[in-house]
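To be precise, the following lines are my_file_12.cif, and they hold mmCIF, C-alpha atoms and all ligand atoms.
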data_query
#
loop_
_atom_site.label_atom_id
_atom_site.label_comp_id
_atom_site.auth_asym_id
_atom_site.auth_seq_id
_atom_site.Cartn_x
_atom_site.Cartn_y
_atom_site.Cartn_z
CA MET A 1 78.02 92.57 119.32
CA LYS A 2 78.90 96.02 120.60
CA VAL A 3 79.40 98.60 117.84
CA LEU A 4 82.92 99.35 119.03
CA ASP A 5 83.89 95.66 118.82
CA ALA A 6 82.94 95.37 115.14
CA ALA A 7 85.86 95.07 112.70
CA PHE A 8 84.40 97.71 110.35
CA VAL A 9 84.24 100.23 113.19
CA GLN A 10 87.81 99.47 114.24
CA GLY A 11 88.92 99.88 110.60
CA PHE A 12 87.13 103.22 110.41
CA ILE A 13 88.74 104.46 113.65
CA ARG A 14 92.17 103.42 112.36
CA VAL A 15 91.77 105.52 109.20
CA CYS A 16 90.81 108.55 111.32
CA ASP A 17 93.86 108.08 113.54
CA ASP A 18 96.28 107.38 110.68
CA GLY A 19 94.95 110.41 108.75
CA ALA A 20 95.41 112.66 111.79
CA ARG A 21 99.00 111.43 112.19
CA MET A 22 99.64 112.22 108.50
CA ASN A 23 98.78 115.86 109.28
CA TRP A 24 95.84 115.77 106.86
CA HIS A 25 93.25 116.78 109.48
CA GLU A 26 93.97 120.10 111.16
CA ARG A 27 91.27 120.88 113.71
CA ASN A 28 88.01 119.36 112.33
CA GLY A 29 89.31 119.18 108.76
CA GLY A 30 88.20 116.18 106.71
CA ASN A 31 85.51 113.54 107.09
CA LEU A 32 84.99 109.82 106.46
CA SER A 33 82.04 107.60 105.54
CA TYR A 34 81.46 103.87 105.13
CA ARG A 35 78.44 102.10 103.59
CA ILE A 36 77.83 99.32 106.09
CA LYS A 37 77.16 95.77 104.81
CA PRO A 38 73.75 94.29 105.76
CA GLU A 39 75.38 91.52 107.81
CA GLU A 40 77.47 94.10 109.66
CA VAL A 41 74.32 96.12 110.49
CA GLU A 42 72.73 92.89 111.73
CA SER A 43 75.77 92.11 113.90
CA VAL A 44 75.50 95.38 115.89
CA LYS A 45 71.69 95.73 115.88
CA GLU A 46 71.49 95.30 119.69
CA GLU A 47 73.08 98.75 120.08
CA LEU A 48 71.16 100.62 117.37
CA ALA A 49 68.26 102.90 118.40
CA PHE A 50 65.48 104.00 116.06
CA ASP A 51 63.87 106.73 118.12
CA LYS A 52 65.76 109.81 116.84
CA PRO A 53 64.05 112.22 114.42
CA TRP A 54 64.50 112.00 110.66
CA GLN A 55 66.40 114.98 109.25
CA PRO A 56 66.87 116.11 105.64
CA ILE A 57 70.11 115.02 103.94
CA GLY A 58 70.02 118.11 101.73
CA THR A 59 70.05 116.04 98.56
CA SER A 60 68.50 112.89 97.21
CA VAL A 61 70.18 109.45 97.11
CA PRO A 62 67.40 107.03 96.12
CA ASN A 63 69.85 104.20 95.42
CA LEU A 64 70.98 104.27 99.04
CA ALA A 65 67.45 104.00 100.47
CA GLY A 66 67.27 101.94 103.65
CA GLU A 67 71.06 101.60 103.99
CA PHE A 68 73.23 102.34 107.04
CA PHE A 69 76.44 104.41 107.14
CA LEU A 70 79.22 105.05 109.61
CA VAL A 71 80.27 108.73 109.37
CA THR A 72 82.32 111.29 111.27
CA GLY A 73 80.53 114.09 113.12
CA THR A 74 80.64 117.70 112.00
CA GLY A 75 83.13 119.83 113.89
CA ARG A 76 84.81 116.74 115.36
CA PHE A 77 88.58 116.38 115.34
CA PHE A 78 90.00 113.23 113.70
CA ARG A 79 92.65 113.03 116.43
CA ASN A 80 89.92 112.56 119.04
CA VAL A 81 88.09 109.72 117.29
CA ILE A 82 90.32 106.98 118.73
CA LEU A 83 90.01 108.43 122.25
CA ASP A 84 86.20 108.53 122.26
CA PRO A 85 84.64 107.06 119.13
CA ALA A 86 81.06 107.14 120.44
CA ALA A 87 81.28 110.93 120.93
CA ASN A 88 82.84 111.72 117.55
CA ILE A 89 81.33 109.35 114.97
CA CYS A 90 77.85 107.97 114.31
CA ILE A 91 75.84 105.35 112.47
CA ILE A 92 73.00 106.79 110.40
CA GLU A 93 70.13 105.17 108.54
CA VAL A 94 68.84 106.62 105.24
CA ASP A 95 65.05 106.53 104.78
CA GLU A 96 63.05 104.75 102.10
CA LYS A 97 63.11 107.77 99.76
CA GLY A 98 66.82 108.48 100.15
CA GLU A 99 66.08 112.02 101.32
CA ASN A 100 66.32 111.88 105.12
CA PHE A 101 68.60 110.30 107.70
CA ARG A 102 68.42 109.51 111.41
CA ILE A 103 71.19 108.83 113.92
CA CYS A 104 71.02 105.27 115.26
CA TRP A 105 74.23 105.16 117.29
CA GLY A 106 77.01 107.51 118.43
CA LEU A 107 77.42 111.29 118.79
CA VAL A 108 76.47 110.60 122.41
CA ASN A 109 77.03 114.22 123.46
CA GLY A 110 74.88 115.54 120.62
CA GLY A 111 75.80 116.83 117.20
CA ARG A 112 75.25 116.05 113.57
CA PRO A 113 77.02 114.03 110.88
CA THR A 114 79.66 115.84 108.81
CA SER A 115 78.59 118.96 106.91
CA GLU A 116 79.85 117.15 103.80
CA LEU A 117 77.18 114.44 104.16
CA PRO A 118 75.62 115.38 100.77
CA SER A 119 78.99 114.84 99.03
CA HIS A 120 79.67 111.60 100.91
CA LEU A 121 76.28 110.08 100.18
CA MET A 122 76.15 111.22 96.54
CA ASN A 123 79.67 109.83 95.97
CA LEU A 124 78.78 106.56 97.73
CA GLU A 125 75.67 106.30 95.57
CA VAL A 126 77.59 106.86 92.31
CA LYS A 127 80.28 104.40 93.36
CA LYS A 128 77.73 101.78 94.40
CA LEU A 129 76.20 102.01 90.93
CA VAL A 130 79.38 102.09 88.84
CA THR A 131 81.23 99.37 90.83
CA ASN A 132 78.28 97.04 91.27
CA GLY A 133 78.27 97.64 95.02
CA ARG A 134 81.99 96.99 95.55
CA TYR A 135 83.07 100.46 96.74
CA ARG A 136 82.00 101.33 100.28
CA VAL A 137 84.35 104.08 101.51
CA VAL A 138 84.53 107.82 100.82
CA TYR A 139 87.32 109.81 102.46
CA HIS A 140 87.88 113.57 102.49
CA ALA A 141 91.17 115.07 103.75
CA HIS A 142 93.14 118.32 103.59
CA PRO A 143 96.66 117.25 102.52
CA ALA A 144 98.97 120.24 102.08
CA ASN A 145 100.90 119.36 98.91
CA THR A 146 97.87 118.53 96.81
CA ILE A 147 96.18 121.74 97.98
CA ALA A 148 99.35 123.72 97.16
CA LEU A 149 99.36 122.38 93.59
CA THR A 150 95.86 123.80 93.03
CA PHE A 151 97.40 127.30 93.21
CA VAL A 152 99.95 126.71 90.45
CA LEU A 153 98.69 124.05 88.04
CA PRO A 154 95.75 124.68 85.69
CA LEU A 155 92.60 123.21 87.28
CA GLU A 156 92.23 120.58 84.56
CA ASP A 157 91.85 116.83 84.98
CA LYS A 158 94.33 116.14 82.22
CA VAL A 159 97.07 118.31 83.74
CA PHE A 160 96.68 117.03 87.31
CA THR A 161 96.48 113.41 86.19
CA ARG A 162 99.54 113.60 83.98
CA GLU A 163 101.65 115.55 86.50
CA LEU A 164 100.79 113.19 89.36
CA TRP A 165 101.39 110.10 87.20
CA GLU A 166 104.81 111.45 86.19
CA ALA A 167 105.74 112.11 89.82
CA MET A 168 105.92 108.45 90.81
CA THR A 169 105.91 105.28 88.68
CA GLU A 170 103.26 103.46 90.72
CA CYS A 171 100.70 106.27 90.35
CA PRO A 172 99.11 105.08 87.09
CA VAL A 173 98.92 101.60 88.63
CA VAL A 174 97.14 102.93 91.74
CA PHE A 175 94.81 105.38 89.93
CA PRO A 176 94.73 104.29 86.26
CA ALA A 177 91.53 106.24 85.56
CA GLY A 178 93.25 109.51 86.57
CA VAL A 179 92.02 112.27 88.87
CA GLY A 180 89.30 114.90 88.48
CA VAL A 181 89.48 118.51 89.61
CA VAL A 182 86.64 120.62 91.02
CA LYS A 183 87.06 124.40 90.80
CA TRP A 184 86.74 126.33 94.05
CA MET A 185 83.22 126.01 95.40
CA VAL A 186 81.46 126.66 98.71
CA PRO A 187 81.93 123.48 100.77
CA GLY A 188 79.19 121.56 102.52
CA GLY A 189 76.36 121.94 100.06
CA ARG A 190 74.54 120.14 97.30
CA GLU A 191 76.26 122.03 94.48
CA VAL A 192 79.76 120.79 95.32
CA ALA A 193 78.31 117.33 95.99
CA VAL A 194 76.80 117.22 92.48
CA ALA A 195 80.06 118.38 90.86
CA THR A 196 82.13 115.84 92.84
CA SER A 197 79.81 112.90 92.28
CA GLU A 198 79.80 113.67 88.55
CA LEU A 199 83.61 113.22 88.56
CA MET A 200 83.29 110.06 90.68
CA LYS A 201 81.50 108.39 87.76
CA LYS A 202 84.87 108.43 86.00
CA TYR A 203 87.56 108.72 88.71
CA ASP A 204 88.26 107.46 92.23
CA VAL A 205 89.85 110.81 93.17
CA ALA A 206 88.40 114.34 93.05
CA ILE A 207 90.65 117.24 94.01
CA TRP A 208 88.85 120.28 95.42
CA ALA A 209 90.75 123.45 94.47
CA HIS A 210 92.27 125.23 97.49
CA HIS A 211 90.55 122.77 99.81
CA GLY A 212 91.49 119.08 99.67
CA ILE A 213 90.79 115.65 98.21
CA PHE A 214 87.80 113.32 98.07
CA CYS A 215 88.62 109.72 97.26
CA SER A 216 86.75 106.46 97.20
CA GLY A 217 87.55 102.76 97.33
CA GLU A 218 86.44 99.26 98.11
CA ASP A 219 87.71 99.17 101.69
CA PHE A 220 89.62 101.23 104.25
CA ASP A 221 93.10 100.08 103.16
CA THR A 222 92.67 100.86 99.46
CA THR A 223 90.95 104.19 100.13
CA PHE A 224 93.55 105.37 102.64
CA GLY A 225 96.28 104.06 100.33
CA LEU A 226 94.82 106.04 97.44
CA MET A 227 94.81 109.28 99.46
CA HIS A 228 98.38 108.52 100.58
CA THR A 229 99.60 107.83 97.03
CA VAL A 230 98.08 110.99 95.54
CA GLU A 231 99.48 113.17 98.32
CA LYS A 232 102.94 111.49 98.13
CA ALA A 233 103.05 112.18 94.39
CA ALA A 234 101.98 115.78 95.04
CA ASP A 235 104.77 116.07 97.63
CA ILE A 236 107.35 114.88 95.08
CA LEU A 237 105.97 117.24 92.44
CA VAL A 238 106.12 120.20 94.83
CA ARG A 239 109.78 119.36 95.58
CA VAL A 240 110.61 119.06 91.88
CA MET A 241 108.89 122.36 91.07
CA SER A 242 110.68 124.01 94.00
CA MET A 243 114.05 122.84 92.70
CA SER A 244 113.63 123.73 89.06
CA PRO A 245 111.11 125.39 86.73
CA THR A 246 111.48 122.46 84.30
CA LYS A 247 112.09 118.72 84.56
CA ARG A 248 115.35 117.48 83.10
CA GLN A 249 113.84 114.04 82.50
CA THR A 250 110.55 112.37 83.28
CA ILE A 251 108.28 109.39 82.53
CA THR A 252 107.23 109.73 78.89
CA PRO A 253 103.98 108.75 77.11
CA ARG A 254 105.90 105.82 75.60
CA ASN A 255 107.01 104.74 79.11
CA PHE A 256 103.38 104.88 80.28
CA ARG A 257 102.27 102.74 77.32
CA ASP A 258 105.00 100.18 78.13
CA LEU A 259 103.93 100.16 81.77
CA ALA A 260 100.28 99.71 80.76
CA ALA A 261 101.16 96.73 78.56
CA ASP A 262 103.22 94.98 81.25
CA PHE A 263 100.83 95.73 84.11
CA LYS A 264 97.77 95.01 81.95
CA LEU A 265 96.33 98.48 82.62
CA THR A 266 94.13 100.61 80.45
CA LEU A 267 95.48 104.14 80.60
CA PRO A 268 93.18 106.59 78.80
CA GLU A 269 94.92 108.12 75.76
CA GLU A 270 93.56 111.55 76.74
CA PHE A 271 96.28 111.66 79.43
CA LEU A 272 99.15 110.51 77.20
CA TYR A 273 99.36 113.69 75.11
CA GLU A 274 102.65 115.09 73.79
CA LYS A 275 103.73 118.20 75.70
P1 LIG B 1 83.01 118.78 109.05
O1 LIG B 1 83.62 119.10 110.40
O2 LIG B 1 81.59 119.24 108.96
O3 LIG B 1 83.17 117.32 108.71
O4 LIG B 1 83.78 119.63 107.95
C1 LIG B 1 85.15 119.52 107.78
C2 LIG B 1 85.55 119.77 106.36
O5 LIG B 1 86.62 119.37 105.96
C3 LIG B 1 84.62 120.49 105.46
O6 LIG B 1 85.01 120.38 104.13
ZN ZN B 2 87.16 119.90 103.91
#

Structure rendered as structure tokens:
Amino acid sequence: MKVLDAAFVQGFIRVCDDGARMNWHERNGGNLSYRIKPEEVESVKEELAFDKPWQPIGTSVPNLAGEFFLVTGTGRFFRNVILDPAANICIIEVDEKGENFRICWGLVNGGRPTSELPSHLMNLEVKKLVTNGRYRVVYHAHPANTIALTFVLPLEDKVFTRELWEAMTECPVVFPAGVGVVKWMVPGGREVAVATSELMKKYDVAIWAHHGIFCSGEDFDTTFGLMHTVEKAADILVRVMSMSPTKRQTITPRNFRDLAADFKLTLPEEFLYEK
């Protein structure tokens, strides 16, 4: 099968296009990665080439050794992915040590995978381990409301989680583990990748102060839906905070406990503190 005919590639392209339409990807902002299933790699093997040089990942992901990933290219605009996928995204293979990668398909006019490759691969590795291989997608976007909140809320997991949960009833159902927050750091390197992947052991969402969101999920729908839900809640919270310095009423810890009982959720008590 041709790479572009594969369902996982079409799903990947759709996320890029939907994200661009959401206004989460100014210019080259954001990046996306997918850990390809062995049978999917097999299905497109006719188009994969293994003659490109190995290059350092910039970190070590031994639990991803020998696996293949579909990732966006650095400097590429999400809005262009649907127009010319082969020029804007690529399939990479990780070597047997988990320290180097090579491009096997795509980026036909040259280029490299996203500068956030260390974060993507370290997050994918953590998620592979903690979900028994279920999670395959890592998505980074620059949604305005969530970024705006990082200028006014304390950069604490417990504050962001509680405020986002209160903004919309479905939030604790969609991200019951909560969200983590990473203080401002230089993007694109190993240091921010280590900090983010540490949070990904506990959460599916990591908010990067004054920068954006990293989130992870089982497939494209749940991962895009998670990004969408967090940013929608942030949008509501920004509106509430713009209208009034205080909330007249909100969802209370008791309400959250009732919700948890009915929806059979485990909501960590650390987020149900009295204010
Ligand atoms: P890339 O173009 O390298 O993917 O970087 C975009 C970005 O959002 C960096 O955080
Ligand atoms: Zn970014």

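Atom to atom, CA of Arg35 in chain A and CA of Ser60 in chain A stand 16.0 Å apart.
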
### Query
Can you list, as a PyMOL selection string, every protein, DNA or RNA residue that comes within 12 Å of range 257-262 of chain A when you count only C-alpha atoms, leaving out same-chain residues fewer than 4 positions away?
chain A and resi 165+169-174+176-177+251-253+266-269+271-273

### Non-local contacts of Asp5 in chain A (12 Å; all atoms listed in the file; under 5 positions in same chain excluded) as a ChimeraX atom specification
/A:10-13,40,43-44,47,85-86

Edge lengths and centre in Å to one decimal, as JSON, is what I'm after for the box along x, y and z that holds all listed atoms of range 207-225 of chain A once 6 Å is added on each side.
{"center_x": 91.4, "center_y": 112.2, "center_z": 99.1, "size_x": 21.8, "size_y": 38.1, "size_z": 22.2}

### Query
Which of these residues is nearest to Ile89 in chain A, using only C-alpha atoms: A:Thr250, A:Asn31, A:Thr223, A:Thr131?
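Residue with the minimum atom-to-atom distance to Ile89 in chain A: A:Asn31.
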
#### Entry: Pick from A:His120, A:Arg136, A:His211, A:Lys52, whichever lies nearest to ligand ZN 2 (chain B) using only C-alpha atoms and all ligand atoms
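Distance minimum relative to ligand ZN 2 (chain B) lands on A:His211.
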
#### Entry: Contacts to ligand LIG 1 (chain B) at 6 Å cut-off (only C-alpha atoms and all ligand atoms) as a list in words
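Protein and nucleic-acid residues within 6 Å of ligand LIG 1 (chain B): Asn28, Gly29, Gly30, Asn31, Thr74, Gly75, Arg76, Thr114, Ser115, Glu116 and Pro187 of chain A.
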
### Query
What is the distance, in Å and to one decimal place, between CA of Ala167 in chain A and CA of Leu237 in chain A?
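Atom-to-atom, CA of Ala167 in chain A to CA of Leu237 in chain A, that is 5.8 Å.
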
### Task
Would you mind telling me which residue in A:Ala233, A:Leu164, A:Met241, A:Leu32 lies nearest to ligand ZN 2 (chain B) when using all atoms listed in the file?
A:Leu32

Mind dumping range 61-89 of chain A from that block, keeping N, CA, C and O atoms, as a PDB file, in the first residue's frame?
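Contents of the output file part_15.pdb:
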ATOM      1  N   VAL A  61      15.785   6.731  24.167  1.00  0.00           N
ATOM      2  CA  VAL A  61      14.463   6.112  24.357  1.00  0.00           C
ATOM      3  C   VAL A  61      14.563   4.602  24.098  1.00  0.00           C
ATOM      4  O   VAL A  61      14.010   4.085  23.122  1.00  0.00           O
ATOM      5  N   PRO A  62      15.274   3.894  24.993  1.00  0.00           N
ATOM      6  CA  PRO A  62      15.552   2.476  24.737  1.00  0.00           C
ATOM      7  C   PRO A  62      14.292   1.621  24.565  1.00  0.00           C
ATOM      8  O   PRO A  62      14.316   0.622  23.831  1.00  0.00           O
ATOM      9  N   ASN A  63      13.192   2.034  25.201  1.00  0.00           N
ATOM     10  CA  ASN A  63      11.969   1.234  25.073  1.00  0.00           C
ATOM     11  C   ASN A  63      11.223   1.469  23.760  1.00  0.00           C
ATOM     12  O   ASN A  63      10.149   0.900  23.548  1.00  0.00           O
ATOM     13  N   LEU A  64      11.779   2.327  22.919  1.00  0.00           N
ATOM     14  CA  LEU A  64      11.192   2.527  21.584  1.00  0.00           C
ATOM     15  C   LEU A  64      12.117   1.982  20.491  1.00  0.00           C
ATOM     16  O   LEU A  64      11.895   2.216  19.301  1.00  0.00           O
ATOM     17  N   ALA A  65      13.157   1.255  20.895  1.00  0.00           N
ATOM     18  CA  ALA A  65      14.138   0.745  19.928  1.00  0.00           C
ATOM     19  C   ALA A  65      13.449  -0.041  18.817  1.00  0.00           C
ATOM     20  O   ALA A  65      12.567  -0.863  19.084  1.00  0.00           O
ATOM     21  N   GLY A  66      13.855   0.260  17.579  1.00  0.00           N
ATOM     22  CA  GLY A  66      13.360  -0.497  16.432  1.00  0.00           C
ATOM     23  C   GLY A  66      11.949  -0.123  15.982  1.00  0.00           C
ATOM     24  O   GLY A  66      11.432  -0.702  15.026  1.00  0.00           O
ATOM     25  N   GLU A  67      11.323   0.855  16.644  1.00  0.00           N
ATOM     26  CA  GLU A  67       9.957   1.223  16.257  1.00  0.00           C
ATOM     27  C   GLU A  67       9.948   2.340  15.210  1.00  0.00           C
ATOM     28  O   GLU A  67      10.941   3.050  15.019  1.00  0.00           O
ATOM     29  N   PHE A  68       8.792   2.509  14.569  1.00  0.00           N
ATOM     30  CA  PHE A  68       8.613   3.514  13.519  1.00  0.00           C
ATOM     31  C   PHE A  68       7.578   4.552  13.976  1.00  0.00           C
ATOM     32  O   PHE A  68       6.601   4.203  14.653  1.00  0.00           O
ATOM     33  N   PHE A  69       7.794   5.801  13.549  1.00  0.00           N
ATOM     34  CA  PHE A  69       6.933   6.912  13.970  1.00  0.00           C
ATOM     35  C   PHE A  69       6.604   7.795  12.787  1.00  0.00           C
ATOM     36  O   PHE A  69       7.470   8.032  11.923  1.00  0.00           O
ATOM     37  N   LEU A  70       5.384   8.306  12.786  1.00  0.00           N
ATOM     38  CA  LEU A  70       4.988   9.329  11.818  1.00  0.00           C
ATOM     39  C   LEU A  70       5.046  10.657  12.562  1.00  0.00           C
ATOM     40  O   LEU A  70       4.428  10.795  13.632  1.00  0.00           O
ATOM     41  N   VAL A  71       5.813  11.626  12.057  1.00  0.00           N
ATOM     42  CA  VAL A  71       5.979  12.904  12.765  1.00  0.00           C
ATOM     43  C   VAL A  71       5.954  14.075  11.777  1.00  0.00           C
ATOM     44  O   VAL A  71       6.294  13.919  10.598  1.00  0.00           O
ATOM     45  N   THR A  72       5.588  15.246  12.297  1.00  0.00           N
ATOM     46  CA  THR A  72       5.626  16.449  11.465  1.00  0.00           C
ATOM     47  C   THR A  72       7.071  16.942  11.341  1.00  0.00           C
ATOM     48  O   THR A  72       7.911  16.674  12.201  1.00  0.00           O
ATOM     49  N   GLY A  73       7.341  17.685  10.273  1.00  0.00           N
ATOM     50  CA  GLY A  73       8.679  18.221  10.039  1.00  0.00           C
ATOM     51  C   GLY A  73       8.891  19.532  10.766  1.00  0.00           C
ATOM     52  O   GLY A  73       7.934  20.295  10.990  1.00  0.00           O
ATOM     53  N   THR A  74      10.126  19.816  11.123  1.00  0.00           N
ATOM     54  CA  THR A  74      10.400  21.091  11.789  1.00  0.00           C
ATOM     55  C   THR A  74      10.223  22.250  10.799  1.00  0.00           C
ATOM     56  O   THR A  74      10.583  22.132   9.613  1.00  0.00           O
ATOM     57  N   GLY A  75       9.643  23.327  11.295  1.00  0.00           N
ATOM     58  CA  GLY A  75       9.445  24.510  10.450  1.00  0.00           C
ATOM     59  C   GLY A  75       8.280  24.391   9.488  1.00  0.00           C
ATOM     60  O   GLY A  75       7.999  25.319   8.733  1.00  0.00           O
ATOM     61  N   ARG A  76       7.589  23.262   9.491  1.00  0.00           N
ATOM     62  CA  ARG A  76       6.477  23.048   8.551  1.00  0.00           C
ATOM     63  C   ARG A  76       5.176  23.569   9.152  1.00  0.00           C
ATOM     64  O   ARG A  76       4.980  23.506  10.371  1.00  0.00           O
ATOM     65  N   PHE A  77       4.326  24.081   8.291  1.00  0.00           N
ATOM     66  CA  PHE A  77       3.061  24.672   8.729  1.00  0.00           C
ATOM     67  C   PHE A  77       1.961  23.601   8.711  1.00  0.00           C
ATOM     68  O   PHE A  77       1.767  22.948   7.691  1.00  0.00           O
ATOM     69  N   PHE A  78       1.225  23.472   9.815  1.00  0.00           N
ATOM     70  CA  PHE A  78       0.151  22.468   9.863  1.00  0.00           C
ATOM     71  C   PHE A  78      -0.848  22.654   8.718  1.00  0.00           C
ATOM     72  O   PHE A  78      -1.376  21.693   8.184  1.00  0.00           O
ATOM     73  N   ARG A  79      -1.101  23.919   8.338  1.00  0.00           N
ATOM     74  CA  ARG A  79      -2.103  24.156   7.303  1.00  0.00           C
ATOM     75  C   ARG A  79      -1.667  23.623   5.941  1.00  0.00           C
ATOM     76  O   ARG A  79      -2.484  23.456   5.041  1.00  0.00           O
ATOM     77  N   ASN A  80      -0.372  23.354   5.779  1.00  0.00           N
ATOM     78  CA  ASN A  80       0.111  22.834   4.495  1.00  0.00           C
ATOM     79  C   ASN A  80       0.151  21.312   4.434  1.00  0.00           C
ATOM     80  O   ASN A  80       0.356  20.748   3.365  1.00  0.00           O
ATOM     81  N   VAL A  81      -0.032  20.657   5.580  1.00  0.00           N
ATOM     82  CA  VAL A  81       0.132  19.192   5.607  1.00  0.00           C
ATOM     83  C   VAL A  81      -0.850  18.517   4.655  1.00  0.00           C
ATOM     84  O   VAL A  81      -0.484  17.635   3.876  1.00  0.00           O
ATOM     85  N   ILE A  82      -2.110  18.960   4.683  1.00  0.00           N
ATOM     86  CA  ILE A  82      -3.127  18.307   3.841  1.00  0.00           C
ATOM     87  C   ILE A  82      -2.861  18.540   2.348  1.00  0.00           C
ATOM     88  O   ILE A  82      -3.191  17.701   1.511  1.00  0.00           O
ATOM     89  N   LEU A  83      -2.213  19.665   2.025  1.00  0.00           N
ATOM     90  CA  LEU A  83      -1.957  19.996   0.612  1.00  0.00           C
ATOM     91  C   LEU A  83      -0.821  19.154   0.047  1.00  0.00           C
ATOM     92  O   LEU A  83      -0.831  18.780  -1.128  1.00  0.00           O
ATOM     93  N   ASP A  84       0.190  18.881   0.878  1.00  0.00           N
ATOM     94  CA  ASP A  84       1.352  18.127   0.404  1.00  0.00           C
ATOM     95  C   ASP A  84       1.975  17.351   1.567  1.00  0.00           C
ATOM     96  O   ASP A  84       3.034  17.725   2.097  1.00  0.00           O
ATOM     97  N   PRO A  85       1.314  16.259   1.955  1.00  0.00           N
ATOM     98  CA  PRO A  85       1.793  15.518   3.130  1.00  0.00           C
ATOM     99  C   PRO A  85       3.247  15.055   2.980  1.00  0.00           C
ATOM    100  O   PRO A  85       4.036  15.175   3.928  1.00  0.00           O
ATOM    101  N   ALA A  86       3.617  14.579   1.815  1.00  0.00           N
ATOM    102  CA  ALA A  86       4.954  13.991   1.647  1.00  0.00           C
ATOM    103  C   ALA A  86       6.068  15.025   1.821  1.00  0.00           C
ATOM    104  O   ALA A  86       7.219  14.677   2.080  1.00  0.00           O
ATOM    105  N   ALA A  87       5.733  16.322   1.681  1.00  0.00           N
ATOM    106  CA  ALA A  87       6.747  17.369   1.850  1.00  0.00           C
ATOM    107  C   ALA A  87       6.798  17.893   3.283  1.00  0.00           C
ATOM    108  O   ALA A  87       7.750  18.581   3.654  1.00  0.00           O
ATOM    109  N   ASN A  88       5.788  17.572   4.079  1.00  0.00           N
ATOM    110  CA  ASN A  88       5.670  18.214   5.398  1.00  0.00           C
ATOM    111  C   ASN A  88       5.734  17.266   6.593  1.00  0.00           C
ATOM    112  O   ASN A  88       5.890  17.714   7.727  1.00  0.00           O
ATOM    113  N   ILE A  89       5.576  15.967   6.337  1.00  0.00           N
ATOM    114  CA  ILE A  89       5.632  14.985   7.430  1.00  0.00           C
ATOM    115  C   ILE A  89       6.594  13.862   7.027  1.00  0.00           C
ATOM    116  O   ILE A  89       7.016  13.788   5.871  1.00  0.00           O
TER     117      ILE A  89
END
